[in-house]
Every structure is written in C-alpha cells, then in structure tokens.
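First comes the structure, then the notes that go with it.
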Amino acid sequence: MSNRLIIPLLCAASVAFFSGSTSHKEAQQQAPVVRHHHKDAGQVASSFAVNVKNGVQFSLDVRNNTSRMVELRFPNGMTHDFVVLDESGREVWRLSNGKMYTQALQNKLIKSRDDAVFSDGWAGRNMHGKFTAVAILASENHPMVQRVEFALR
C-alpha cells in the first residue's frame, strides 16, 4: 500500500477516534457555518467552524477556561492544519501541503478566559458534494483534532 493511501486513511481514522460522531448531520450540511466543540478536561476548549459562503473559511478557536495562563507547546513552526476529505475519505486539500515550517520549538500563551484563533481558507473551486473538514491543533500538550461535515453545491 502506498503512502499516498496510508496517510489519508490514518488521518481519517484518527479523526474518527478523537472526535466521535457529530449530531444533527443533516442540519449541519445545510448551514453555511458549521461548528463543532471540544473540551480538554475543563482547561482548554475549542470550537471549529466552517463557513461556506465565499469559498470555504476555516476557524479553530482555542479557549483557555482556567483562571491561569495556559501554554500551548509546538514542536516546530506548524501550529495547526486544516484538511478537506471527500465522501470516500480521500484527501482533496491540506493547508500544510507544499509549505515549509521552521524546526524551532515554539509556544503560544493564552491568558485566562482568552482565546487563540487559527484560521485560513480554501477556494474549493469546481468542487461539489459532501466533504469533511478536519482541524488539527499540533500542540504537544493540548493536541486537538476536530471534524465538521459540510457541503458545496
């Protein structure tokens, strides 16, 4: 089996494992903005939104729910990634494809009751059908993987 097939399958499996199923899938597919929420033991929560109004916009909002500052540690320059999978689970787009990241460790501090927002967009030109967006927070100490289903018509 080639790496071109193994990597998307591993990504899809990890997304299924970490995020579980979403409710109200039919309602989510009709809405221009779709959200999914995740909590990390009451400390760090995240919300992943996909807006399909003008192209496809992704926004991963990471919130510090504690009364103290939280540090997100990253092993390199990549803090997050967004991936789009088609109905069969095949990867059709990845934000990090073709990008180079520094190999230096980095951190991001989030103040008490504050947010860090990671966002980007995908043109999605000439694409139609049902898709799954995957948001990945590449933090070593608070890793998160979330998915949201959406449709392009």
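How things are named: the first chain in the structure tokens is A, the next is B, and so on; residues count from 1 in each chain; ligands count from 1 in the order shown.
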
| message | If we count only C-alpha atoms and set the cut-off at 7 Å, which residues sit around segment 93-109 of chain A, ignoring sequence neighbours fewer than 3 positions away in its own chain? Please answer as a list of chain:residue names. | response | A:Met69, A:Val70, A:Glu71, A:Leu72, A:Arg73, A:Phe74, A:Pro75, A:Asn76, A:Gly77, A:Met78, A:Asp81, A:Phe82, A:Val83, A:Val84

Selected residues written out with N, CA and C atoms, as a compact mmCIF listing (two decimals), in the first residue's frame:
# COMPACT_ATOMS: atom_id res chain seq x y z
N MET A 69 -2.84 31.38 33.13
CA MET A 69 -2.38 31.34 31.76
C MET A 69 -2.09 29.90 31.34
N VAL A 70 -2.42 29.56 30.09
CA VAL A 70 -2.15 28.23 29.55
C VAL A 70 -1.14 28.38 28.42
N GLU A 71 -0.18 27.48 28.42
CA GLU A 71 0.84 27.47 27.37
C GLU A 71 0.56 26.32 26.41
N LEU A 72 0.51 26.63 25.12
CA LEU A 72 0.45 25.60 24.08
C LEU A 72 1.86 25.44 23.55
N ARG A 73 2.39 24.21 23.58
CA ARG A 73 3.75 23.95 23.11
C ARG A 73 3.69 23.24 21.76
N PHE A 74 4.48 23.75 20.81
CA PHE A 74 4.53 23.19 19.47
C PHE A 74 5.96 22.73 19.16
N PRO A 75 6.11 21.54 18.57
CA PRO A 75 7.46 21.00 18.32
C PRO A 75 8.17 21.68 17.15
N ASN A 76 7.43 22.47 16.36
CA ASN A 76 8.03 23.18 15.22
C ASN A 76 7.14 24.36 14.86
N GLY A 77 7.33 24.93 13.67
CA GLY A 77 6.59 26.11 13.26
C GLY A 77 5.14 25.88 12.88
N MET A 78 4.73 24.63 12.77
CA MET A 78 3.34 24.34 12.40
C MET A 78 2.48 24.30 13.66
N ASP A 81 -3.33 22.73 11.31
CA ASP A 81 -3.50 22.32 9.93
C ASP A 81 -4.99 22.14 9.69
N PHE A 82 -5.41 22.36 8.45
CA PHE A 82 -6.78 22.08 8.04
C PHE A 82 -6.71 21.13 6.86
N VAL A 83 -7.60 20.14 6.86
CA VAL A 83 -7.64 19.12 5.82
C VAL A 83 -9.07 18.99 5.34
N VAL A 84 -9.26 18.77 4.04
CA VAL A 84 -10.59 18.52 3.49
C VAL A 84 -10.58 17.13 2.88

| Looking at only C-alpha atoms, which of A:Asn51, A:Gln57, A:Asn64, A:Gln43 is the one that sits closest to Ala116 of chain A? | A:Asn64

| query | Got a sec: who's within 8 Å of Asp114 of chain A, counting only C-alpha atoms, leaving out chain neighbours fewer than 3 positions off, as a list in words? | reply | Arg63, Asn64, Asn65, Ile110 and Lys111 of chain A

Can those selected residues be exported to a file as a PDB file, in the first residue's frame so that it contains C-alpha atoms?
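Output saved as selection_22.pdb:
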ATOM      1  CA  ARG A  63     -10.227  28.955  24.571  1.00  0.00           C
ATOM      2  CA  ASN A  64      -8.499  28.925  27.958  1.00  0.00           C
ATOM      3  CA  ASN A  65     -11.224  28.212  30.536  1.00  0.00           C
ATOM      4  CA  ILE A 110      -3.326  32.091  26.153  1.00  0.00           C
ATOM      5  CA  LYS A 111      -4.386  34.342  29.010  1.00  0.00           C
TER       6      LYS A 111
END
